[in-house]
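Visitor: Sharing run_16.tsv, TSV, C-alpha atoms:
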chain	number	residue	atom	x	y	z
A	1	MET	CA	24.43	34.13	-32.03
A	2	ASN	CA	23.27	35.40	-35.42
A	3	ARG	CA	23.47	32.45	-37.81
A	4	ASP	CA	21.99	34.22	-40.84
A	5	PRO	CA	24.31	33.43	-43.80
A	6	THR	CA	23.47	36.76	-45.48
A	7	THR	CA	25.24	38.71	-42.72
A	8	LEU	CA	28.61	37.00	-43.21
A	9	ALA	CA	29.62	39.17	-46.18
A	10	THR	CA	29.36	42.34	-44.11
A	11	GLY	CA	32.72	44.11	-43.84
A	12	LEU	CA	34.53	41.89	-46.33
A	13	PRO	CA	36.43	43.41	-49.27
A	14	PRO	CA	34.01	43.93	-52.19
A	15	ALA	CA	35.19	40.99	-54.32
A	16	TRP	CA	35.09	38.59	-51.38
A	17	ALA	CA	31.59	39.81	-50.45
A	18	THR	CA	30.33	39.44	-54.03
A	19	PHE	CA	31.64	35.91	-54.47
A	20	LEU	CA	30.28	34.94	-51.05
A	21	THR	CA	26.82	36.24	-51.96
A	22	ASP	CA	26.91	34.47	-55.33
A	23	TRP	CA	27.99	31.19	-53.74
A	24	ASP	CA	25.20	31.47	-51.19
A	25	ARG	CA	22.73	31.81	-54.08
A	26	SER	CA	24.21	28.68	-55.66
A	27	LEU	CA	23.95	26.74	-52.40
A	28	ARG	CA	20.35	27.84	-51.91
A	29	SER	CA	19.47	26.74	-55.43
A	30	GLY	CA	20.99	23.35	-54.58
A	31	ASN	CA	18.70	23.16	-51.52
A	32	TYR	CA	21.55	22.98	-49.02
A	33	PRO	CA	20.33	23.16	-45.39
A	34	SER	CA	20.74	26.55	-43.75
A	35	THR	CA	23.18	25.17	-41.16
A	36	THR	CA	25.42	23.72	-43.89
A	37	ARG	CA	25.26	26.96	-45.86
A	38	TYR	CA	26.18	28.97	-42.79
A	39	ASN	CA	29.18	26.79	-41.94
A	40	TYR	CA	30.43	26.83	-45.55
A	41	LEU	CA	30.08	30.59	-45.89
A	42	LEU	CA	31.58	31.22	-42.45
A	43	ALA	CA	34.79	29.40	-43.44
A	44	VAL	CA	35.16	31.54	-46.58
A	45	ALA	CA	34.41	34.75	-44.67
A	46	GLN	CA	37.00	33.81	-42.05
A	47	LEU	CA	39.63	33.16	-44.73
A	48	GLY	CA	38.82	36.50	-46.37
A	49	ARG	CA	39.12	38.39	-43.09
A	50	TYR	CA	42.29	36.51	-42.16
A	51	LEU	CA	43.96	37.62	-45.40
A	52	ALA	CA	42.60	41.18	-45.31
A	53	ASP	CA	43.08	42.05	-41.64
A	54	ASP	CA	46.79	41.47	-41.18
A	55	SER	CA	49.24	43.11	-43.57
A	56	GLN	CA	52.08	41.10	-42.04
A	57	ARG	CA	50.70	37.98	-43.70
A	58	GLN	CA	51.77	39.24	-47.14
A	59	ALA	CA	48.47	38.23	-48.66
A	60	GLY	CA	48.98	40.50	-51.67
A	61	GLU	CA	46.12	40.40	-54.17
A	62	ALA	CA	44.42	37.61	-52.19
A	63	ALA	CA	43.47	40.17	-49.55
A	64	GLY	CA	41.16	41.73	-52.14
A	65	THR	CA	39.83	38.72	-54.05
A	66	PRO	CA	39.56	34.95	-53.51
A	67	THR	CA	40.60	34.33	-57.13
A	68	ALA	CA	44.19	35.23	-56.09
A	69	VAL	CA	44.33	32.79	-53.17
A	70	THR	CA	47.19	30.29	-53.36
A	71	ARG	CA	48.05	27.07	-51.62
A	72	ARG	CA	50.34	29.00	-49.23
A	73	HIS	CA	47.51	31.29	-48.15
A	74	VAL	CA	45.26	28.34	-47.34
A	75	GLU	CA	48.00	26.47	-45.47
A	76	ASP	CA	48.80	29.56	-43.39
A	77	PHE	CA	45.11	29.99	-42.59
A	78	GLN	CA	44.77	26.32	-41.73
A	79	ALA	CA	47.78	26.42	-39.39
A	80	TRP	CA	46.32	29.53	-37.73
A	81	MET	CA	43.01	27.73	-37.21
A	82	ILE	CA	44.79	24.77	-35.59
A	83	ALA	CA	46.72	27.11	-33.27
A	84	THR	CA	43.80	29.35	-32.30
A	85	ARG	CA	40.86	26.93	-32.45
A	86	SER	CA	41.46	23.18	-32.84
A	87	PRO	CA	42.47	20.59	-35.45
A	88	ALA	CA	38.81	19.52	-35.74
A	89	THR	CA	37.74	23.09	-36.51
A	90	ALA	CA	40.55	23.44	-39.04
A	91	LEU	CA	39.36	20.23	-40.72
A	92	ASN	CA	35.82	21.60	-41.01
A	93	LYS	CA	37.17	24.79	-42.61
A	94	HIS	CA	39.30	22.72	-45.00
A	95	LYS	CA	36.24	20.78	-46.22
A	96	ALA	CA	34.20	23.98	-46.67
A	97	LEU	CA	36.99	25.71	-48.60
A	98	GLN	CA	37.30	22.67	-50.86
A	99	GLN	CA	33.67	23.18	-51.88
A	100	PHE	CA	34.07	26.92	-52.35
A	101	PHE	CA	37.13	26.75	-54.57
A	102	LYS	CA	35.61	23.85	-56.53
A	103	TRP	CA	32.64	26.13	-57.25
A	104	LEU	CA	34.99	28.98	-58.14
A	105	THR	CA	37.02	26.87	-60.60
A	106	VAL	CA	34.49	24.41	-62.06
A	107	ASP	CA	31.19	26.30	-61.96
A	108	GLU	CA	32.34	29.89	-62.29
A	109	GLU	CA	35.61	29.27	-64.19
A	110	GLU	CA	37.23	32.15	-62.28
A	111	MET	CA	40.39	30.15	-61.53
A	112	ASP	CA	42.38	27.66	-63.56
A	113	GLN	CA	43.14	25.46	-60.55
A	114	SER	CA	41.88	25.21	-57.00
A	115	PRO	CA	44.44	26.24	-54.36
A	116	MET	CA	43.14	23.30	-52.29
A	117	LEU	CA	44.55	20.78	-54.77
A	118	ARG	CA	47.58	19.78	-52.69
A	119	VAL	CA	46.64	21.17	-49.28
A	120	ARG	CA	46.63	18.33	-46.78
A	121	GLN	CA	43.69	17.78	-44.48
A	122	PRO	CA	44.59	18.46	-40.83
A	123	LYS	CA	45.02	15.30	-38.81
A	124	THR	CA	42.61	15.17	-35.92
A	125	PRO	CA	42.86	13.01	-32.79
A	126	LYS	CA	40.29	10.24	-32.59
A	127	ARG	CA	38.00	11.29	-29.76
A	128	LEU	CA	35.88	8.47	-28.43
A	129	ILE	CA	32.45	9.55	-27.21
A	130	PRO	CA	31.40	7.32	-24.30
A	131	ILE	CA	28.05	5.63	-24.43
A	132	ILE	CA	25.44	6.50	-21.82
A	133	ARG	CA	24.40	3.64	-19.56
A	134	ASP	CA	20.79	2.67	-18.87
A	135	GLU	CA	21.20	3.59	-15.22
A	136	ASP	CA	22.29	7.12	-16.17
A	137	THR	CA	19.33	7.55	-18.53
A	138	LYS	CA	17.08	6.39	-15.67
A	139	LYS	CA	18.60	8.99	-13.35
A	140	LEU	CA	17.81	11.69	-15.92
A	141	LEU	CA	14.25	10.42	-16.35
A	142	ASP	CA	13.80	10.38	-12.57
A	143	THR	CA	14.35	14.16	-12.56
A	144	CYS	CA	11.37	14.45	-14.95
A	145	LYS	CA	8.83	12.89	-12.62
A	146	GLY	CA	5.79	15.13	-12.38
A	147	LYS	CA	2.78	16.19	-14.40
A	148	ASP	CA	3.64	19.81	-15.10
A	149	PHE	CA	4.43	20.84	-18.68
A	150	VAL	CA	8.23	21.05	-18.44
A	151	HIS	CA	8.63	17.62	-16.78
A	152	VAL	CA	6.33	15.92	-19.29
A	153	ARG	CA	8.08	17.62	-22.22
A	154	ASP	CA	11.60	16.82	-21.04
A	155	GLU	CA	10.77	13.16	-20.42
A	156	ALA	CA	9.40	12.85	-23.96
A	157	ILE	CA	12.53	14.43	-25.46
A	158	ILE	CA	14.94	12.24	-23.46
A	159	ARG	CA	13.00	9.07	-24.28
A	160	LEU	CA	12.91	10.00	-27.96
A	161	LEU	CA	16.69	10.52	-28.05
A	162	ALA	CA	17.37	7.25	-26.22
A	163	ASN	CA	14.78	5.19	-28.11
A	164	THR	CA	15.58	6.32	-31.67
A	165	GLY	CA	19.23	7.47	-31.59
A	166	ALA	CA	18.29	10.56	-33.60
A	167	ARG	CA	20.47	13.62	-34.00
A	168	LEU	CA	19.74	16.63	-31.78
A	169	SER	CA	18.89	18.72	-34.86
A	170	GLU	CA	16.43	16.06	-36.05
A	171	VAL	CA	14.60	15.85	-32.75
A	172	ALA	CA	14.47	19.66	-32.53
A	173	LYS	CA	12.94	19.96	-36.03
A	174	VAL	CA	10.07	17.51	-35.47
A	175	ASP	CA	6.65	19.05	-36.17
A	176	THR	CA	3.34	17.83	-34.77
A	177	ASP	CA	2.50	16.45	-38.24
A	178	ASP	CA	5.60	14.24	-38.08
A	179	VAL	CA	4.20	12.24	-35.17
A	180	ASP	CA	1.80	9.39	-35.93
A	181	LEU	CA	0.64	7.75	-32.70
A	182	SER	CA	-1.77	5.48	-34.58
A	183	LEU	CA	1.35	3.69	-35.83
A	184	ASP	CA	3.68	4.84	-33.02
A	185	THR	CA	6.16	6.38	-35.46
A	186	VAL	CA	7.94	9.69	-35.93
A	187	ARG	CA	9.32	11.20	-39.13
A	188	TYR	CA	12.77	12.79	-38.96
A	189	HIS	CA	14.10	15.33	-41.44
A	190	GLY	CA	17.74	14.25	-41.72
A	191	LYS	CA	20.85	15.66	-43.32
A	192	GLY	CA	20.81	16.23	-47.06
A	193	ALA	CA	17.00	16.63	-47.12
A	194	LYS	CA	16.60	12.89	-46.40
A	195	ASP	CA	13.45	12.02	-44.46
A	196	ARG	CA	12.99	8.75	-42.61
A	197	ARG	CA	10.28	7.32	-40.38
A	198	VAL	CA	11.21	5.33	-37.27
A	199	ARG	CA	9.14	3.31	-34.83
A	200	LEU	CA	8.69	4.30	-31.18
A	201	GLY	CA	8.79	1.89	-28.29
A	202	PRO	CA	5.74	1.71	-25.96
A	203	LYS	CA	7.28	3.85	-23.19
A	204	THR	CA	8.42	6.52	-25.64
A	205	ALA	CA	5.08	6.58	-27.46
A	206	ARG	CA	3.29	6.97	-24.13
A	207	ALA	CA	5.62	9.82	-23.10
A	208	VAL	CA	5.04	11.62	-26.41
A	209	SER	CA	1.28	11.11	-26.08
A	210	ARG	CA	1.30	12.58	-22.57
A	211	TYR	CA	3.31	15.54	-23.83
A	212	LEU	CA	0.85	16.18	-26.68
A	213	ARG	CA	-1.99	16.32	-24.15
A	214	ALA	CA	-0.05	18.81	-22.01
A	215	ARG	CA	0.88	20.77	-25.14
A	216	GLY	CA	-2.82	21.27	-25.92
A	217	GLY	CA	-3.10	23.70	-23.02
A	218	HIS	CA	0.04	25.70	-23.90
A	219	LYS	CA	-0.03	29.20	-25.39
A	220	GLY	CA	1.89	27.97	-28.42
A	221	PHE	CA	-0.29	24.93	-29.15
A	222	GLY	CA	-1.13	26.35	-32.61
A	223	LEU	CA	2.53	26.35	-33.74
A	224	PRO	CA	3.63	23.54	-36.07
A	225	ASP	CA	6.73	22.82	-33.94
A	226	LEU	CA	6.34	19.82	-31.66
A	227	TRP	CA	8.52	21.13	-28.85
A	228	LEU	CA	7.50	24.36	-27.14
A	229	ALA	CA	9.40	26.61	-24.75
A	230	VAL	CA	7.99	26.93	-21.26
A	231	ARG	CA	7.10	30.62	-21.55
A	232	GLY	CA	5.32	32.30	-24.41
A	233	ALA	CA	4.20	30.98	-27.77
A	234	GLN	CA	7.69	29.99	-28.92
A	235	PRO	CA	9.29	26.75	-30.13
A	236	LEU	CA	12.03	25.06	-28.13
A	237	THR	CA	15.19	25.28	-30.25
A	238	ALA	CA	18.01	22.76	-30.57
A	239	ASN	CA	20.11	24.97	-28.30
A	240	GLY	CA	17.24	25.00	-25.80
A	241	ILE	CA	17.21	21.19	-25.77
A	242	LYS	CA	20.99	21.16	-25.33
A	243	LEU	CA	20.72	23.46	-22.29
A	244	MET	CA	17.86	21.37	-20.89
A	245	LEU	CA	19.95	18.20	-21.08
A	246	LYS	CA	22.82	19.94	-19.31
A	247	ARG	CA	20.50	21.08	-16.50
A	248	ARG	CA	18.99	17.61	-16.16
A	249	GLY	CA	22.47	16.09	-16.05
A	250	LEU	CA	23.57	18.40	-13.24
A	251	ARG	CA	20.40	17.66	-11.30
A	252	ALA	CA	20.83	13.89	-11.77
A	253	GLY	CA	24.56	13.90	-11.03
A	254	VAL	CA	25.40	12.54	-14.49
A	255	ASP	CA	28.43	14.09	-16.22
A	256	GLY	CA	28.69	14.97	-19.90
A	257	VAL	CA	25.05	14.63	-20.90
A	258	HIS	CA	24.45	15.50	-24.55
A	259	ALA	CA	22.24	14.12	-27.28
A	260	HIS	CA	24.99	12.47	-29.33
A	261	ARG	CA	25.84	10.05	-26.51
A	262	TRP	CA	22.49	8.31	-27.05
A	263	ARG	CA	23.25	8.05	-30.77
A	264	HIS	CA	26.52	6.28	-30.00
A	265	THR	CA	24.73	4.10	-27.43
A	266	TYR	CA	22.08	3.15	-29.98
A	267	ALA	CA	24.74	1.98	-32.45
A	268	HIS	CA	26.55	0.07	-29.69
A	269	GLU	CA	23.39	-1.71	-28.50
A	270	TRP	CA	22.40	-2.53	-32.09
A	271	LYS	CA	25.76	-4.14	-32.82
A	272	LEU	CA	25.77	-5.93	-29.48
A	273	ALA	CA	22.43	-7.52	-30.36
A	274	GLY	CA	23.82	-8.67	-33.72
A	275	GLY	CA	21.73	-6.23	-35.77
A	276	ASP	CA	22.39	-5.81	-39.48
A	277	THR	CA	24.67	-2.86	-40.34
A	278	GLY	CA	22.59	-1.91	-43.38
A	279	ASP	CA	19.44	-1.75	-41.27
A	280	LEU	CA	21.27	0.39	-38.69
A	281	MET	CA	22.25	2.82	-41.43
A	282	LEU	CA	18.62	3.15	-42.50
A	283	VAL	CA	17.36	3.69	-38.95
A	284	LEU	CA	19.99	6.31	-38.10
A	285	GLY	CA	19.93	8.05	-41.49
A	286	TRP	CA	23.46	7.26	-42.63
A	287	THR	CA	24.64	6.90	-46.22
A	288	SER	CA	28.36	6.34	-45.54
A	289	GLU	CA	29.55	2.95	-44.32
A	290	ASP	CA	32.23	4.74	-42.28
A	291	MET	CA	29.60	5.92	-39.79
A	292	PRO	CA	28.69	2.52	-38.27
A	293	ARG	CA	32.40	1.94	-37.61
A	294	HIS	CA	32.76	5.33	-35.94
A	295	TYR	CA	29.65	5.23	-33.77
A	296	GLY	CA	29.81	2.98	-30.78
A	297	ALA	CA	33.61	2.74	-31.19
A	298	SER	CA	34.19	3.65	-27.53
A	299	ALA	CA	32.42	0.43	-26.48
A	300	ALA	CA	33.95	-1.79	-29.17
A	301	ALA	CA	36.22	-3.59	-26.66
A	302	GLU	CA	33.19	-4.44	-24.53
A	303	ARG	CA	31.43	-5.98	-27.52
A	304	ALA	CA	34.54	-7.95	-28.46
A	305	GLN	CA	34.83	-9.36	-24.92
A	306	GLU	CA	31.18	-10.43	-24.94
A	307	VAL	CA	31.66	-12.19	-28.28
A	308	GLN	CA	34.82	-13.85	-26.94
A	309	ALA	CA	32.96	-15.15	-23.87
A	310	ARG	CA	30.08	-16.40	-26.02
A	311	MET	CA	32.39	-18.24	-28.43
A	312	GLY	CA	34.28	-19.98	-25.62
A	313	ILE	CA	37.45	-20.50	-27.66
A	314	GLY	CA	39.84	-22.82	-25.79
A	315	GLU	CA	37.16	-23.75	-23.25
A	316	ARG	CA	35.39	-26.56	-25.11
A	317	ASP	CA	37.57	-29.46	-24.00
Here is the file; what I need is its structure written in the form of structure tokens.

Guide:
Amino acid sequence: MNRDPTTLATGLPPAWATFLTDWDRSLRSGNYPSTTRYNYLLAVAQLGRYLADDSQRQAGEAAGTPTAVTRRHVEDFQAWMIATRSPATALNKHKALQQFFKWLTVDEEEMDQSPMLRVRQPKTPKRLIPIIRDEDTKKLLDTCKGKDFVHVRDEAIIRLLANTGARLSEVAKVDTDDVDLSLDTVRYHGKGAKDRRVRLGPKTARAVSRYLRARGGHKGFGLPDLWLAVRGAQPLTANGIKLMLKRRGLRAGVDGVHAHRWRHTYAHEWKLAGGDTGDLMLVLGWTSEDMPRHYGASAAAERAQEVQARMGIGERD
């Protein structure tokens, strides 16, 4: 998939394309990550094409320029997104369009009022992501036994995800300079250009060290990227890690293996051990206090039962 934001304006009506290009310039000047820029611009491009492609939608002037978009246009688009994609996708588009029309009204003064002003956010079902048990992580690691490059690399990636609770994108973006084995730490480049350094456990540090030795004999050893693809002098992308985890899960007989399950597990284990919420936010790179409540929510009942058993209410007589 081509995720270059500059290609999204192709084929849009001229005014839509111009505003999209100008907004991209504004986002770049604000140092927004490329993934965020792409998702923001994609939502606007999709709205523009939605209004321009179907004359039955009675888009009127809005088909030619975003400055004519009204609340009705956005609500129709949002309902279409819910019907054809999902409520979660529609919510993501809603948030992106809020930013676009805020820029159009406040920064550019092209509109008197944002059409998003009274558009309700789509309600999304609360989907609980199950934690991944230690025995399942062990099964995955058992498939990595061996000294060849791919086994050593995959063990290091899985241990890093389980040991630090990092996002998939963060693990994928680690460079060799981000690893400090003299201190057994790794630096992650988080969302919003926020860096943080986290400590590695002994098993994870050893796995990363073994991988670095194996990496020294790879064709791509001169690249700055820590993770390398098996063939050629190419980095292993986030999508490559995602596919690797899926293959390892199938081989181990573990369903639903993906990086975010370890992040939820990390939050669950931290809370179970009585760890401080503020410290958890620092370790996992969160700035919103809503995140600790969301992560590990699928195992909240288990934590409550353990606390209940420990307190022994009604059992002290």

Visitor: When distances are computed from all atoms listed in the file, which of A:Lys203, A:Lys173, A:Arg118, A:Arg231 shows the smallest separation from Leu160 of chain A?

Guide: A:Lys203

Visitor: For segment 266-268 of chain A, please output as an NGL selection string all residues within 12 Å (counting all atoms listed in the file; exclusion window: fewer than 4 positions along the same chain).

Guide: :A and (129-134 or 160-167 or 259-262 or 272-286 or 291-304)

Visitor: So that each row is one residue of segment 96-195 of chain A with an atom at most 12 Å from segment 19-31 of chain A, can you give its shortest atom pair and the distance in Å to one decimal, using all atoms listed in the file, rows by chain and rising number, as a Markdown table?

Guide:
| residue | atom | partner | partner_atom | distance |
| --- | --- | --- | --- | --- |
| A:Ala96 | CA | A:Trp23 | CA | 11.9 |
| A:Leu97 | CA | A:Leu20 | CA | 11.7 |
| A:Gln99 | CA | A:Trp23 | CA | 10.0 |
| A:Phe100 | CA | A:Trp23 | CA | 7.6 |
| A:Phe101 | CA | A:Trp23 | CA | 10.2 |
| A:Lys102 | CA | A:Trp23 | CA | 10.9 |
| A:Trp103 | CA | A:Trp23 | CA | 7.7 |
| A:Leu104 | CA | A:Phe19 | CA | 8.5 |
| A:Asp107 | CA | A:Ser26 | CA | 9.7 |
| A:Glu108 | CA | A:Trp23 | CA | 9.7 |
| A:Glu110 | CA | A:Phe19 | CA | 10.3 |
| A:Lys191 | CA | A:Asn31 | CA | 11.3 |
| A:Gly192 | CA | A:Asn31 | CA | 8.5 |
| A:Ala193 | CA | A:Asn31 | CA | 8.1 |
| A:Lys194 | CA | A:Asn31 | CA | 11.7 |

Visitor: State, in Å with one decimal place, the distance from atom CA of Pro115 of chain A to atom CA of Ala88 of chain A.

Guide: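 That distance, rounded to one decimal, is 20.6 Å.
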
Visitor: Might you pull out every residue within 10 Å of Val69 of chain A, with only C-alpha atoms counted and same-chain residues fewer than 3 positions away left off, and present them as an mmCIF file with C-alpha atoms, in the frame of the given file?

Guide:
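Result file selection12.cif:
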data_model
loop_
_atom_site.group_PDB
_atom_site.id
_atom_site.type_symbol
_atom_site.label_atom_id
_atom_site.label_comp_id
_atom_site.auth_asym_id
_atom_site.auth_seq_id
_atom_site.Cartn_x
_atom_site.Cartn_y
_atom_site.Cartn_z
ATOM 1 C CA LEU A 47 39.630 33.160 -44.730
ATOM 2 C CA GLY A 48 38.820 36.500 -46.370
ATOM 3 C CA LEU A 51 43.960 37.620 -45.400
ATOM 4 C CA ALA A 59 48.470 38.230 -48.660
ATOM 5 C CA GLY A 60 48.980 40.500 -51.670
ATOM 6 C CA GLU A 61 46.120 40.400 -54.170
ATOM 7 C CA ALA A 62 44.420 37.610 -52.190
ATOM 8 C CA ALA A 63 43.470 40.170 -49.550
ATOM 9 C CA GLY A 64 41.160 41.730 -52.140
ATOM 10 C CA THR A 65 39.830 38.720 -54.050
ATOM 11 C CA PRO A 66 39.560 34.950 -53.510
ATOM 12 C CA ARG A 72 50.340 29.000 -49.230
ATOM 13 C CA HIS A 73 47.510 31.290 -48.150
ATOM 14 C CA VAL A 74 45.260 28.340 -47.340
ATOM 15 C CA PHE A 101 37.130 26.750 -54.570
ATOM 16 C CA MET A 111 40.390 30.150 -61.530
ATOM 17 C CA SER A 114 41.880 25.210 -57.000
ATOM 18 C CA PRO A 115 44.440 26.240 -54.360
ATOM 19 C CA MET A 116 43.140 23.300 -52.290
#

Visitor: Name the residues within 9 Å of (38.2, 19.4, -48.9), counting all atoms listed in the file in the file's coordinates, and put them as a PyMOL selection string.

Guide: chain A and resi 91-99+116-117+119-121

Visitor: Between atom CA of Ala233 of chain A and atom CA of Ile158 of chain A, what is the spacing in Å?

Guide: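 About the pair atom CA of Ile158 of chain A and atom CA of Ala233 of chain A: they are 22.0 Å apart.
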
Visitor: Can you tell me which residues surround Lys219 of chain A at a distance of at most 10 Å, considering all atoms listed in the file, apart from same-chain residues fewer than 6 positions away, and format the answer as a compact mmCIF listing (two decimals) with C-alpha atoms, in the frame of the given file?

Guide:
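And here is the file that came out, around-v9.txt:
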# COMPACT_ATOMS: atom_id res chain seq x y z
CA LEU A 228 7.50 24.36 -27.14
CA ALA A 229 9.40 26.61 -24.75
CA VAL A 230 7.99 26.93 -21.26
CA ARG A 231 7.10 30.62 -21.55
CA GLY A 232 5.32 32.30 -24.41
CA ALA A 233 4.20 30.98 -27.77
CA GLN A 234 7.69 29.99 -28.92

Visitor: Which of these, A:Gln46, A:Ala214, A:Gly314, A:Arg247, has the shortest distance to Trp80 of chain A once you count all atoms listed in the file?

Guide: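 Between A:Gln46, A:Ala214, A:Gly314, A:Arg247, the residue approaching Trp80 of chain A most closely is A:Gln46.
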
Visitor: Using Å and a single decimal, report how far atom CA of Gly249 of chain A sits from atom CA of Thr143 of chain A.

Guide: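 Answer for the atom CA of Thr143 of chain A to atom CA of Gly249 of chain A separation: 9.0 Å.
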
Visitor: Just want the 9 Å neighbourhood of Met81 of chain A, counted on all atoms listed in the file, with same-chain residues fewer than 5 positions away dropped. Output as a PDB file with C-alpha atoms, keeping the file's coordinate frame.

Guide:
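Dumped to result_26.pdb:
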ATOM      1  CA  ASP A  76      48.800  29.560 -43.390  1.00  0.00           C
ATOM      2  CA  SER A  86      41.460  23.180 -32.840  1.00  0.00           C
ATOM      3  CA  PRO A  87      42.470  20.590 -35.450  1.00  0.00           C
ATOM      4  CA  THR A  89      37.740  23.090 -36.510  1.00  0.00           C
ATOM      5  CA  ALA A  90      40.550  23.440 -39.040  1.00  0.00           C
ATOM      6  CA  LYS A  93      37.170  24.790 -42.610  1.00  0.00           C
TER       7      LYS A  93
END

Visitor: Please enclose the listed atoms of segment 298-314 of chain A in an axis-aligned box, pad each side by 5 Å, and write out the centre and the three edge lengths in Å, rounded to one decimal, as lines of an AutoDock Vina configuration file.

Guide:
center_x = 35.0
center_y = -9.6
center_z = -26.5
size_x = 19.8
size_y = 36.5
size_z = 15.3
